[in-house]
>>> print(open('data_1.cif').read())   # mmCIF, C-alpha atoms and all ligand atoms
data_run
loop_
_atom_site.label_atom_id
_atom_site.label_comp_id
_atom_site.auth_asym_id
_atom_site.auth_seq_id
_atom_site.Cartn_x
_atom_site.Cartn_y
_atom_site.Cartn_z
CA MET A 1 17.31 36.14 -11.07
CA ALA A 2 14.31 37.56 -9.21
CA PHE A 3 14.29 34.69 -6.70
CA ASP A 4 17.12 33.49 -4.46
CA PHE A 5 18.00 29.83 -4.92
CA ASP A 6 21.65 30.29 -4.03
CA THR A 7 21.80 31.31 -0.36
CA PRO A 8 21.91 28.20 1.84
CA THR A 9 18.73 27.86 3.89
CA ASN A 10 18.75 26.61 7.46
CA ARG A 11 16.77 23.37 7.72
CA LEU A 12 17.82 22.58 11.26
CA ALA A 13 14.88 23.97 13.23
CA THR A 14 12.24 22.64 10.83
CA ASP A 15 11.91 18.98 11.91
CA SER A 16 13.16 17.99 8.47
CA ILE A 17 13.22 14.23 7.94
CA ARG A 18 16.11 14.61 5.51
CA TRP A 19 18.29 16.84 7.72
CA ASP A 20 17.45 15.36 11.12
CA SER A 21 18.26 11.77 10.15
CA PHE A 22 22.01 12.45 10.33
CA ASN A 23 24.32 14.59 12.41
CA SER A 24 24.40 17.71 10.25
CA LYS A 25 27.89 18.66 11.46
CA GLU A 26 29.23 15.45 9.98
CA VAL A 27 26.94 14.56 7.09
CA LEU A 28 25.52 16.54 4.18
CA PRO A 29 22.12 14.91 3.66
CA LEU A 30 21.22 14.88 -0.07
CA TRP A 31 18.86 11.92 -0.07
CA LEU A 32 15.05 12.18 0.43
CA ALA A 33 13.25 14.12 -2.34
CA ASP A 34 12.47 17.56 -1.05
CA MET A 35 14.49 20.65 -1.96
CA ASP A 36 16.54 23.02 0.20
CA PHE A 37 14.78 26.08 -1.27
CA GLN A 38 12.03 28.09 0.34
CA SER A 39 8.66 27.74 -1.34
CA PRO A 40 7.75 30.61 -3.72
CA PRO A 41 6.96 33.98 -2.05
CA CYS A 42 3.39 33.80 -3.42
CA VAL A 43 2.87 30.54 -1.50
CA ILE A 44 4.40 31.88 1.71
CA GLU A 45 2.19 34.96 1.52
CA ALA A 46 -0.98 32.96 0.85
CA VAL A 47 -0.27 30.61 3.78
CA SER A 48 0.52 33.57 6.09
CA ASN A 49 -2.75 35.27 5.15
CA ARG A 50 -4.72 32.10 5.70
CA VAL A 51 -3.04 31.50 9.09
CA GLN A 52 -3.83 35.08 10.14
CA GLN A 53 -7.57 34.38 9.73
CA GLY A 54 -7.35 32.20 12.82
CA ILE A 55 -10.27 30.01 11.68
CA TYR A 56 -9.24 26.40 11.12
CA GLY A 57 -12.50 24.45 11.12
CA TYR A 58 -13.37 21.45 8.94
CA THR A 59 -12.69 22.63 5.43
CA HIS A 60 -13.90 21.33 2.08
CA SER A 61 -11.98 21.60 -1.15
CA PRO A 62 -12.62 25.13 -2.51
CA HIS A 63 -15.37 25.17 -5.17
CA GLN A 64 -13.05 26.51 -7.86
CA MET A 65 -10.27 23.97 -7.12
CA ASN A 66 -11.03 21.33 -9.76
CA ALA A 67 -11.60 23.93 -12.48
CA MET A 68 -8.30 25.63 -11.56
CA ILE A 69 -6.46 22.30 -11.84
CA ALA A 70 -8.14 21.51 -15.16
CA ASP A 71 -7.13 24.93 -16.56
CA TYR A 72 -3.59 24.37 -15.29
CA LEU A 73 -3.35 21.00 -17.04
CA GLN A 74 -4.58 22.59 -20.25
CA GLU A 75 -2.10 25.44 -19.99
CA GLN A 76 0.93 23.38 -18.95
CA TYR A 77 0.41 20.18 -20.94
CA GLN A 78 -2.33 21.01 -23.46
CA TRP A 79 -4.32 18.25 -21.80
CA GLN A 80 -8.06 18.74 -21.84
CA VAL A 81 -9.59 17.39 -18.66
CA ASP A 82 -13.15 17.75 -17.38
CA PRO A 83 -13.02 19.15 -13.79
CA ASP A 84 -15.35 16.29 -12.81
CA TRP A 85 -12.64 13.75 -13.64
CA ILE A 86 -10.45 15.13 -10.81
CA VAL A 87 -10.37 13.60 -7.34
CA ILE A 88 -8.49 15.51 -4.64
CA LEU A 89 -6.18 13.35 -2.51
CA PRO A 90 -3.88 14.06 0.43
CA SER A 91 -0.83 12.56 -1.35
CA VAL A 92 0.33 10.68 -4.41
CA VAL A 93 1.45 7.75 -2.28
CA SER A 94 -2.05 7.21 -0.85
CA GLY A 95 -3.32 7.23 -4.45
CA LEU A 96 -0.81 4.54 -5.45
CA TYR A 97 -1.86 2.25 -2.59
CA SER A 98 -5.57 2.80 -3.31
CA ALA A 99 -5.12 2.08 -7.03
CA VAL A 100 -3.36 -1.22 -6.35
CA GLN A 101 -5.85 -2.30 -3.69
CA GLN A 102 -8.95 -1.38 -5.64
CA LEU A 103 -7.96 -2.39 -9.17
CA THR A 104 -6.51 -5.81 -8.40
CA ASN A 105 -7.49 -8.85 -6.33
CA LYS A 106 -5.25 -10.73 -3.92
CA ASP A 107 -3.99 -13.38 -6.32
CA GLU A 108 -3.44 -10.95 -9.20
CA SER A 109 -0.29 -9.24 -10.37
CA VAL A 110 0.98 -5.79 -11.23
CA LEU A 111 3.62 -4.63 -13.72
CA VAL A 112 6.09 -2.32 -12.02
CA PRO A 113 9.12 -0.58 -13.58
CA ASN A 114 12.53 -1.55 -12.21
CA PRO A 115 14.30 0.42 -10.77
CA ILE A 116 11.52 2.47 -9.25
CA TYR A 117 10.54 4.80 -6.39
CA HIS A 118 10.04 2.31 -3.57
CA HIS A 119 6.37 3.06 -2.83
CA LEU A 120 5.30 1.64 -6.19
CA ARG A 121 6.65 -1.73 -5.11
CA LEU A 122 5.46 -1.37 -1.51
CA ALA A 123 1.92 -0.57 -2.67
CA CYS A 124 1.90 -4.05 -4.25
CA SER A 125 3.80 -6.08 -1.66
CA SER A 126 1.87 -4.62 1.29
CA ALA A 127 -1.38 -5.74 -0.38
CA ASN A 128 0.03 -9.20 -1.24
CA ARG A 129 -0.06 -8.54 -4.97
CA GLN A 130 2.54 -10.19 -7.18
CA ILE A 131 5.09 -7.79 -8.68
CA GLN A 132 6.15 -8.40 -12.28
CA GLU A 133 9.17 -6.27 -12.97
CA MET A 134 9.55 -4.26 -16.16
CA PRO A 135 13.34 -3.73 -16.35
CA LEU A 136 14.43 -0.36 -17.70
CA GLU A 137 17.34 -0.36 -20.15
CA LEU A 138 19.98 2.28 -20.73
CA GLN A 139 19.74 3.34 -24.39
CA ASP A 140 21.67 6.38 -25.66
CA GLY A 141 22.14 7.56 -22.08
CA ARG A 142 18.41 7.34 -21.24
CA TRP A 143 16.62 4.78 -19.08
CA VAL A 144 13.77 3.49 -21.27
CA LEU A 145 11.20 0.69 -21.16
CA PRO A 146 11.76 -1.89 -23.90
CA VAL A 147 8.05 -2.50 -24.48
CA ASN A 148 8.65 -5.28 -27.02
CA GLN A 149 10.15 -7.38 -24.22
CA LEU A 150 7.14 -7.03 -21.95
CA THR A 151 4.76 -9.40 -23.71
CA ASN A 152 6.22 -12.50 -22.09
CA LEU A 153 5.54 -11.01 -18.64
CA ILE A 154 1.79 -11.05 -19.15
CA THR A 155 -0.20 -13.87 -17.56
CA ASN A 156 -3.94 -14.26 -17.07
CA LYS A 157 -3.40 -12.74 -13.59
CA THR A 158 -1.86 -9.44 -14.78
CA ARG A 159 -4.35 -6.62 -14.17
CA LEU A 160 -2.54 -3.35 -13.66
CA ALA A 161 0.58 -1.51 -14.84
CA LEU A 162 2.22 1.14 -12.69
CA PHE A 163 4.18 3.79 -14.51
CA CYS A 164 6.30 6.77 -13.47
CA ASN A 165 6.88 9.77 -15.75
CA PRO A 166 9.25 11.57 -15.35
CA GLN A 167 10.86 8.40 -14.09
CA ASN A 168 12.23 8.20 -10.55
CA PRO A 169 15.00 7.17 -10.39
CA GLY A 170 16.57 7.72 -13.80
CA SER A 171 14.80 11.01 -14.67
CA THR A 172 13.61 9.95 -18.13
CA VAL A 173 10.95 12.21 -19.64
CA PHE A 174 9.16 9.77 -21.92
CA THR A 175 8.48 10.85 -25.52
CA ARG A 176 5.10 10.75 -27.23
CA GLU A 177 6.18 7.66 -29.21
CA GLU A 178 7.37 5.84 -26.09
CA LEU A 179 4.13 6.67 -24.27
CA LYS A 180 2.02 5.56 -27.20
CA GLU A 181 3.84 2.25 -27.41
CA PHE A 182 3.48 1.57 -23.67
CA GLY A 183 -0.15 2.74 -23.53
CA ASN A 184 -1.12 0.60 -26.51
CA PHE A 185 0.66 -2.40 -25.02
CA CYS A 186 -1.49 -1.97 -21.87
CA LEU A 187 -4.65 -1.64 -23.97
CA GLU A 188 -3.84 -4.79 -25.96
CA ASN A 189 -3.37 -6.70 -22.72
CA HIS A 190 -6.47 -5.28 -21.02
CA LEU A 191 -4.52 -3.67 -18.18
CA TRP A 192 -5.53 -0.78 -16.00
CA ILE A 193 -2.79 1.86 -15.74
CA CYS A 194 -1.80 4.03 -12.81
CA SER A 195 0.65 6.73 -13.92
CA ASP A 196 2.58 8.62 -11.24
CA GLU A 197 3.39 12.02 -12.77
CA ILE A 198 4.41 13.90 -9.64
CA HIS A 199 7.64 15.19 -11.24
CA ALA A 200 5.80 16.60 -14.29
CA GLY A 201 6.54 20.23 -13.46
CA LEU A 202 10.29 19.63 -13.33
CA VAL A 203 11.29 18.89 -16.92
CA LEU A 204 14.89 20.12 -17.30
CA ASP A 205 15.73 19.11 -20.85
CA GLU A 206 15.23 22.10 -23.15
CA ASN A 207 13.98 19.82 -25.95
CA LYS A 208 11.48 17.86 -23.89
CA LYS A 209 7.96 18.46 -22.60
CA HIS A 210 5.96 16.52 -20.09
CA ILE A 211 3.21 14.58 -21.88
CA PRO A 212 0.59 12.94 -19.64
CA LEU A 213 0.20 9.30 -20.63
CA ALA A 214 -3.60 9.63 -20.54
CA SER A 215 -3.46 12.51 -23.03
CA ILE A 216 -2.16 10.19 -25.77
CA SER A 217 -5.59 8.81 -26.74
CA LYS A 218 -9.15 8.52 -25.48
CA ASP A 219 -8.72 4.74 -25.22
CA ILE A 220 -5.65 5.09 -22.99
CA SER A 221 -7.40 7.78 -20.94
CA GLU A 222 -10.32 5.40 -20.28
CA LYS A 223 -7.90 2.91 -18.71
CA THR A 224 -5.75 5.30 -16.71
CA ILE A 225 -5.59 6.93 -13.30
CA THR A 226 -3.05 9.78 -13.42
CA LEU A 227 -1.60 10.90 -10.10
CA MET A 228 -0.24 14.43 -9.89
CA SER A 229 0.71 17.03 -7.30
CA LEU A 230 2.55 20.34 -7.01
CA ASN A 231 4.33 19.16 -3.83
CA LYS A 232 7.62 18.47 -5.60
CA THR A 233 7.66 21.37 -8.03
CA PHE A 234 6.89 24.08 -5.47
CA ASN A 235 8.52 22.29 -2.55
CA PHE A 236 5.71 21.94 -0.02
CA PRO A 237 5.45 18.15 0.49
CA GLY A 238 5.16 18.73 4.25
CA ILE A 239 1.80 20.37 3.60
CA GLY A 240 0.87 18.09 0.76
CA LEU A 241 -1.98 17.75 -1.69
CA ALA A 242 -2.37 15.58 -4.75
CA TRP A 243 -5.03 14.76 -7.28
CA ALA A 244 -6.05 11.88 -9.47
CA VAL A 245 -7.40 12.38 -12.98
CA ALA A 246 -9.63 9.56 -14.21
CA GLU A 247 -11.97 9.90 -17.16
CA ASN A 248 -13.49 6.48 -16.46
CA PRO A 249 -16.08 6.63 -13.61
CA ILE A 250 -15.10 3.09 -12.50
CA LEU A 251 -11.57 4.31 -11.89
CA ARG A 252 -12.79 7.48 -10.21
CA LYS A 253 -14.89 5.45 -7.84
CA ALA A 254 -11.98 3.11 -7.10
CA ILE A 255 -9.62 5.93 -6.16
CA GLN A 256 -12.16 7.40 -3.74
CA VAL A 257 -12.57 4.28 -1.59
CA GLY A 258 -11.53 5.06 1.97
CA LEU A 259 -11.22 8.80 1.38
CA HIS A 260 -12.27 10.73 4.51
CA GLN A 261 -12.46 7.36 6.33
CA THR A 262 -9.14 5.56 6.56
CA ILE A 263 -7.49 8.19 4.34
CA ALA A 264 -7.59 11.68 5.87
CA PRO A 265 -8.42 14.62 3.59
CA PRO A 266 -5.77 17.27 2.85
CA SER A 267 -5.38 20.01 5.46
CA LEU A 268 -6.86 23.42 4.76
CA LEU A 269 -3.38 24.88 4.17
CA ALA A 270 -2.85 22.32 1.42
CA TYR A 271 -5.62 23.90 -0.63
CA THR A 272 -4.08 27.33 -0.02
CA THR A 273 -0.57 26.33 -1.14
CA THR A 274 -1.68 24.49 -4.28
CA MET A 275 -4.00 27.27 -5.40
CA ALA A 276 -1.35 29.95 -4.80
CA ALA A 277 1.21 27.96 -6.80
CA ILE A 278 -1.23 27.48 -9.69
CA LYS A 279 -2.25 31.12 -9.69
CA ASP A 280 1.09 32.91 -9.23
CA GLY A 281 3.91 30.33 -9.07
CA GLU A 282 4.96 30.12 -12.72
CA PRO A 283 7.72 32.81 -12.73
CA TRP A 284 9.31 31.07 -9.71
CA ARG A 285 9.05 27.66 -11.37
CA GLN A 286 10.76 28.99 -14.51
CA GLU A 287 13.71 30.26 -12.47
CA LEU A 288 13.85 27.07 -10.43
CA ILE A 289 14.19 25.07 -13.65
CA GLN A 290 17.06 27.32 -14.76
CA TYR A 291 18.84 26.86 -11.43
CA LEU A 292 18.35 23.09 -11.47
CA ARG A 293 19.68 22.96 -15.04
CA GLY A 294 22.88 24.56 -13.77
CA ASN A 295 23.14 21.93 -11.03
CA ARG A 296 22.41 19.15 -13.50
CA ASP A 297 25.14 20.36 -15.90
CA LEU A 298 27.64 20.51 -13.06
CA ILE A 299 26.84 16.94 -11.98
CA GLN A 300 26.93 15.62 -15.53
CA GLU A 301 30.35 17.12 -16.16
CA LYS A 302 31.87 16.20 -12.82
CA ILE A 303 30.50 12.68 -12.34
CA ASN A 304 31.24 11.58 -15.89
CA SER A 305 34.84 12.77 -15.46
CA ILE A 306 35.39 10.57 -12.39
CA LYS A 307 36.80 7.13 -13.12
CA GLY A 308 34.37 4.40 -12.07
CA LEU A 309 31.25 6.59 -12.06
CA SER A 310 28.68 7.58 -14.65
CA VAL A 311 25.35 9.32 -14.76
CA CYS A 312 22.65 9.16 -17.43
CA LYS A 313 21.01 12.15 -19.12
CA MET A 314 18.99 13.98 -16.51
CA GLU A 315 15.89 15.03 -18.37
CA GLY A 316 13.67 15.80 -15.40
CA SER A 317 13.52 16.42 -11.65
CA TYR A 318 16.42 16.92 -9.25
CA LEU A 319 17.52 13.34 -8.57
CA ALA A 320 20.77 12.14 -10.16
CA TRP A 321 20.92 8.36 -10.62
CA ILE A 322 24.63 7.59 -10.36
CA ASP A 323 26.04 4.27 -11.55
CA CYS A 324 28.91 3.20 -9.27
CA THR A 325 29.34 -0.32 -10.69
CA ASN A 326 32.86 0.38 -11.97
CA LEU A 327 33.94 1.72 -8.62
CA HIS A 328 34.03 -1.95 -7.57
CA HIS A 329 32.96 -1.17 -4.02
CA GLN A 330 30.52 -3.50 -2.32
CA ASN A 331 28.43 -0.65 -0.88
CA PRO A 332 28.87 2.75 -2.60
CA TYR A 333 26.13 4.30 -0.43
CA GLN A 334 28.07 3.42 2.75
CA LEU A 335 31.35 4.60 1.22
CA PHE A 336 29.93 8.10 0.58
CA LEU A 337 28.15 8.17 3.93
CA ASP A 338 31.38 7.30 5.76
CA HIS A 339 32.95 10.36 4.12
CA GLY A 340 30.13 12.77 4.96
CA LEU A 341 27.52 12.52 2.21
CA ALA A 342 24.12 10.85 2.58
CA THR A 343 22.58 9.81 -0.74
CA SER A 344 19.63 7.47 -1.23
CA PRO A 345 20.98 3.91 -1.46
CA GLY A 346 20.39 2.16 -4.77
CA SER A 347 19.05 -0.83 -2.82
CA GLN A 348 15.94 1.24 -2.04
CA PHE A 349 15.17 1.16 -5.76
CA ASN A 350 16.40 -2.38 -6.39
CA ARG A 351 19.90 -1.57 -7.76
CA GLU A 352 22.66 -1.99 -5.17
CA GLN A 353 25.43 -0.45 -7.26
CA PHE A 354 23.72 2.89 -7.73
CA VAL A 355 23.11 5.88 -5.49
CA ARG A 356 20.57 8.68 -5.97
CA LEU A 357 21.78 12.20 -5.27
CA ASN A 358 19.24 14.96 -4.55
CA PHE A 359 20.49 18.11 -6.32
CA GLY A 360 17.56 20.31 -5.29
CA THR A 361 20.00 22.31 -3.23
CA GLN A 362 22.25 25.36 -3.28
CA ARG A 363 25.25 25.22 -5.61
CA SER A 364 27.71 25.48 -2.70
CA ARG A 365 26.20 22.37 -1.08
CA LEU A 366 26.25 20.52 -4.37
CA ASP A 367 29.93 21.43 -4.86
CA GLN A 368 30.66 20.03 -1.41
CA ALA A 369 28.82 16.78 -2.29
CA LEU A 370 30.65 16.37 -5.59
CA ASN A 371 34.00 16.91 -3.89
CA ILE A 372 33.19 14.16 -1.38
CA ILE A 373 32.21 11.78 -4.19
CA GLU A 374 35.39 12.58 -6.12
CA SER A 375 37.66 12.04 -3.14
CA CYS A 376 35.94 8.71 -2.34
CA ALA A 377 36.38 7.52 -5.92
CA LYS A 378 40.11 8.33 -5.84
CA ARG A 379 40.77 6.20 -2.76
C1 LIG B 401 7.60 9.17 -8.04
C2 LIG B 401 7.12 9.68 -6.72
N1 LIG B 401 5.84 9.50 -6.38
C3 LIG B 401 5.35 9.94 -5.19
C4 LIG B 401 6.18 10.59 -4.29
C5 LIG B 401 5.62 11.06 -2.98
O1 LIG B 401 4.46 11.81 -3.20
P1 LIG B 401 3.57 12.33 -1.97
O2 LIG B 401 4.48 13.07 -1.06
O3 LIG B 401 2.55 13.21 -2.62
O4 LIG B 401 2.96 11.12 -1.36
C6 LIG B 401 7.52 10.77 -4.61
C7 LIG B 401 8.43 11.41 -3.63
O5 LIG B 401 9.63 11.33 -3.71
C8 LIG B 401 8.00 10.34 -5.86
O6 LIG B 401 9.26 10.53 -6.22
#
>>> encode(input="data_1.cif", output="structure tokens")
Amino acid sequence: MAFDFDTPTNRLATDSIRWDSFNSKEVLPLWLADMDFQSPPCVIEAVSNRVQQGIYGYTHSPHQMNAMIADYLQEQYQWQVDPDWIVILPSVVSGLYSAVQQLTNKDESVLVPNPIYHHLRLACSSANRQIQEMPLELQDGRWVLPVNQLTNLITNKTRLALFCNPQNPGSTVFTREELKEFGNFCLENHLWICSDEIHAGLVLDENKKHIPLASISKDISEKTITLMSLNKTFNFPGIGLAWAVAENPILRKAIQVGLHQTIAPPSLLAYTTTMAAIKDGEPWRQELIQYLRGNRDLIQEKINSIKGLSVCKMEGSYLAWIDCTNLHHQNPYQLFLDHGLATSPGSQFNREQFVRLNFGTQRSRLDQALNIIESCAKR
């Protein structure tokens, strides 16, 4: 490998939320979704060069930015996007909150997958919107959305569907057929769609590709805001930049409300990191995927061999969604924490008997985590 993913990095002097939330001598913190790897050398170099300029005045998005993103989407996903459809945002989460606030009124409701990354739910509850849960089902080891069971959720107040692909938690990379079915269901029921595709660059399954929901058809594209970012893939969420793609000018206008007012623009280094990753980050990303596949295979083998635990197919990203139901422990998260491993509690995603393990880490740390889980399960 040309890049080093295997030597443990030191996160202790970096004000890391993940590492500083626990005593690192006692707890291995594999919870919050950032990785323990350095960002790609091309990103580090670009940031260093920009810092050396010493000029940090108010900065607009570089003129070539939207065209670079559009070319990237074409190259990575064969998705043809007009650069004018792109709105630069500071983060995906701010885009989620804006979409819910702008596309629905106070007494209206939003379809939200369950389980789901907590900010999709919070974006609704904080704005006093009703949440209508779309329960995911485990079919052939994959968490999927049974679209034929969604019709009875629809009322005359349902306005918007939130979607997450690749799914967090659960790591499903939805197929073209699955996307078509869900997109058409939303069209038939006159729903706007907001699709969070932040994990798009992290497809691990050799037989799968990320397909943007809005790329399925022009009709679906007209109804959809797609939220994307390179924060996860290239591991710079502390700098942070995201973008929305919306073909429909109504949706574009909605996602811009509050930008540069209550929602701060990205910092100048955010433009630098994203552009460097687009321009020169691909060889690093390819090796990252290989390394994460190794971690995924290790987890799959180990967890599924432990009595009381199981894990689904991990098609994308670095977050293992572990089912502890048959461990028959009232709080699996606490059990692992008490023995030195911090995971994300399933309760954060609406499923108490699960934990989410971040495997975006060095193999030695992952081995340590799996050994803790195994010894807890044997007790
Ligand atoms: C599905 C999903 N969306 C959004 C985010 C956060 O994105 P951002 O840091 O750009 O706000 C995360 C982070 O874990 C995530 O998993």
>>> residues_near_ligand(input="data_1.cif", ligand="ligand LIG 401 (chain B)", cutoff="6 Å", atoms="all atoms listed in the file", output="compact mmCIF listing (two decimals) with C-alpha atoms, keeping the file's coordinate frame")
# COMPACT_ATOMS: atom_id res chain seq x y z
CA ALA A 33 13.25 14.12 -2.34
CA SER A 91 -0.83 12.56 -1.35
CA VAL A 92 0.33 10.68 -4.41
CA VAL A 93 1.45 7.75 -2.28
CA TYR A 117 10.54 4.80 -6.39
CA ASN A 168 12.23 8.20 -10.55
CA ASP A 196 2.58 8.62 -11.24
CA ILE A 198 4.41 13.90 -9.64
CA PRO A 237 5.45 18.15 0.49
CA ALA A 242 -2.37 15.58 -4.75
>>> axis_aligned_box(input="data_1.cif", around="stretch 190-208 of chain A", padding_each_side="4 Å", output="JSON")
{"center_x": 4.6, "center_y": 8.4, "center_z": -17.8, "size_x": 30.2, "size_y": 35.4, "size_z": 24.3}
>>> closest_residue(input="data_1.cif", among="A:Asn248, A:Gly316, A:Cys376, A:Ala276", to="A:Gly340", atoms="only C-alpha atoms")
A:Cys376
>>> residues_around(input="data_1.cif", residues="A:Val87", least_positions_apart="5", cutoff="9 Å", atoms="all atoms listed in the file", output="PyMOL selection string")
chain A and resi 66+242-246+252+255-256
>>> write_last_selection(input="data_1.cif", atoms="C-alpha atoms", output="short mmCIF file (atom, residue, chain, number, x, y, z; two decimals), keeping the file's coordinate frame")
data_model
loop_
_atom_site.label_atom_id
_atom_site.label_comp_id
_atom_site.auth_asym_id
_atom_site.auth_seq_id
_atom_site.Cartn_x
_atom_site.Cartn_y
_atom_site.Cartn_z
CA ASN A 66 -11.03 21.33 -9.76
CA ALA A 242 -2.37 15.58 -4.75
CA TRP A 243 -5.03 14.76 -7.28
CA ALA A 244 -6.05 11.88 -9.47
CA VAL A 245 -7.40 12.38 -12.98
CA ALA A 246 -9.63 9.56 -14.21
CA ARG A 252 -12.79 7.48 -10.21
CA ILE A 255 -9.62 5.93 -6.16
CA GLN A 256 -12.16 7.40 -3.74
#
>>> atom_distance(input="data_1.cif", atom1="atom CA of A:Ala264", atom2="atom CA of A:Tyr97")
13.9 Å
>>> residues_around(input="data_1.cif", residues="A:His63", least_positions_apart="6", cutoff="12 Å", atoms="only C-alpha atoms", output="JSON, numbers by chain")
{"A": [69, 83, 84, 88, 271, 275]}
>>> residues_near_point(input="data_1.cif", point="(28.7, 12.7, -16.2)", cutoff="9 Å", atoms="all atoms listed in the file", output="PyMOL selection string")
chain A and resi 297-306+309-313+322
>>> write_last_selection(input="data_1.cif", atoms="C-alpha atoms", output="PDB file, in the frame of the given file")
ATOM      1  CA  ASP A 297      25.140  20.360 -15.900  1.00  0.00           C
ATOM      2  CA  LEU A 298      27.640  20.510 -13.060  1.00  0.00           C
ATOM      3  CA  ILE A 299      26.840  16.940 -11.980  1.00  0.00           C
ATOM      4  CA  GLN A 300      26.930  15.620 -15.530  1.00  0.00           C
ATOM      5  CA  GLU A 301      30.350  17.120 -16.160  1.00  0.00           C
ATOM      6  CA  LYS A 302      31.870  16.200 -12.820  1.00  0.00           C
ATOM      7  CA  ILE A 303      30.500  12.680 -12.340  1.00  0.00           C
ATOM      8  CA  ASN A 304      31.240  11.580 -15.890  1.00  0.00           C
ATOM      9  CA  SER A 305      34.840  12.770 -15.460  1.00  0.00           C
ATOM     10  CA  ILE A 306      35.390  10.570 -12.390  1.00  0.00           C
ATOM     11  CA  LEU A 309      31.250   6.590 -12.060  1.00  0.00           C
ATOM     12  CA  SER A 310      28.680   7.580 -14.650  1.00  0.00           C
ATOM     13  CA  VAL A 311      25.350   9.320 -14.760  1.00  0.00           C
ATOM     14  CA  CYS A 312      22.650   9.160 -17.430  1.00  0.00           C
ATOM     15  CA  LYS A 313      21.010  12.150 -19.120  1.00  0.00           C
ATOM     16  CA  ILE A 322      24.630   7.590 -10.360  1.00  0.00           C
TER      17      ILE A 322
END
>>> residues_around(input="data_1.cif", residues="A:Asp107", least_positions_apart="6", cutoff="12 Å", atoms="all atoms listed in the file", output="list of chain:residue names")
A:Gln101, A:Cys124, A:Ser125, A:Ala127, A:Asn128, A:Arg129, A:Gln130, A:Ile131, A:Thr155, A:Asn156, A:Lys157, A:Thr158, A:Arg159
>>> residues_around(input="data_1.cif", residues="A:Asn235", least_positions_apart="2", cutoff="12 Å", atoms="only C-alpha atoms", output="PDB file with C-alpha atoms, in the frame of the given file")
ATOM      1  CA  ALA A  33      13.250  14.120  -2.340  1.00  0.00           C
ATOM      2  CA  ASP A  34      12.470  17.560  -1.050  1.00  0.00           C
ATOM      3  CA  MET A  35      14.490  20.650  -1.960  1.00  0.00           C
ATOM      4  CA  ASP A  36      16.540  23.020   0.200  1.00  0.00           C
ATOM      5  CA  PHE A  37      14.780  26.080  -1.270  1.00  0.00           C
ATOM      6  CA  GLN A  38      12.030  28.090   0.340  1.00  0.00           C
ATOM      7  CA  SER A  39       8.660  27.740  -1.340  1.00  0.00           C
ATOM      8  CA  PRO A  40       7.750  30.610  -3.720  1.00  0.00           C
ATOM      9  CA  PRO A  41       6.960  33.980  -2.050  1.00  0.00           C
ATOM     10  CA  VAL A  43       2.870  30.540  -1.500  1.00  0.00           C
ATOM     11  CA  ILE A  44       4.400  31.880   1.710  1.00  0.00           C
ATOM     12  CA  ILE A 198       4.410  13.900  -9.640  1.00  0.00           C
ATOM     13  CA  HIS A 199       7.640  15.190 -11.240  1.00  0.00           C
ATOM     14  CA  GLY A 201       6.540  20.230 -13.460  1.00  0.00           C
ATOM     15  CA  LEU A 202      10.290  19.630 -13.330  1.00  0.00           C
ATOM     16  CA  SER A 229       0.710  17.030  -7.300  1.00  0.00           C
ATOM     17  CA  LEU A 230       2.550  20.340  -7.010  1.00  0.00           C
ATOM     18  CA  ASN A 231       4.330  19.160  -3.830  1.00  0.00           C
ATOM     19  CA  LYS A 232       7.620  18.470  -5.600  1.00  0.00           C
ATOM     20  CA  THR A 233       7.660  21.370  -8.030  1.00  0.00           C
ATOM     21  CA  PRO A 237       5.450  18.150   0.490  1.00  0.00           C
ATOM     22  CA  GLY A 238       5.160  18.730   4.250  1.00  0.00           C
ATOM     23  CA  ILE A 239       1.800  20.370   3.600  1.00  0.00           C
ATOM     24  CA  GLY A 240       0.870  18.090   0.760  1.00  0.00           C
ATOM     25  CA  LEU A 241      -1.980  17.750  -1.690  1.00  0.00           C
ATOM     26  CA  THR A 273      -0.570  26.330  -1.140  1.00  0.00           C
ATOM     27  CA  THR A 274      -1.680  24.490  -4.280  1.00  0.00           C
ATOM     28  CA  ALA A 277       1.210  27.960  -6.800  1.00  0.00           C
ATOM     29  CA  GLY A 281       3.910  30.330  -9.070  1.00  0.00           C
ATOM     30  CA  TRP A 284       9.310  31.070  -9.710  1.00  0.00           C
ATOM     31  CA  ARG A 285       9.050  27.660 -11.370  1.00  0.00           C
ATOM     32  CA  LEU A 288      13.850  27.070 -10.430  1.00  0.00           C
ATOM     33  CA  SER A 317      13.520  16.420 -11.650  1.00  0.00           C
ATOM     34  CA  TYR A 318      16.420  16.920  -9.250  1.00  0.00           C
ATOM     35  CA  GLY A 360      17.560  20.310  -5.290  1.00  0.00           C
ATOM     36  CA  THR A 361      20.000  22.310  -3.230  1.00  0.00           C
TER      37      THR A 361
END
>>> atom_distance(input="data_1.cif", atom1="atom CA of A:Ser364", atom2="atom CA of A:Glu206")
24.2 Å
>>> closest_residue(input="data_1.cif", among="A:Ala161, A:Leu213, A:Leu28, A:Leu259", to="A:Ser94", atoms="all atoms listed in the file")
A:Leu259
>>> residues_around(input="data_1.cif", residues="stretch 179-181 of chain A", least_positions_apart="6", cutoff="9 Å", atoms="only C-alpha atoms", output="PyMOL selection string")
chain A and resi 147-148+211-213+216-217+220
>>> atom_distance(input="data_1.cif", atom1="atom CA of A:His210", atom2="atom CA of A:Pro166")
7.6 Å
>>> closest_residue(input="data_1.cif", among="A:Glu137, A:Gln348, A:Trp85, A:Tyr291", to="A:Thr224", atoms="all atoms listed in the file")
A:Trp85
>>> closest_residue(input="data_1.cif", among="A:His260, A:His190, A:Lys209, A:Arg356", to="A:Gln76", atoms="all atoms listed in the file")
A:Lys209
>>> residues_near_point(input="data_1.cif", point="(-14.2, -0.4, -9.5)", cutoff="7 Å", atoms="only C-alpha atoms", output="list of chain:residue names")
A:Gln102, A:Leu103, A:Ile250, A:Leu251, A:Lys253, A:Ala254
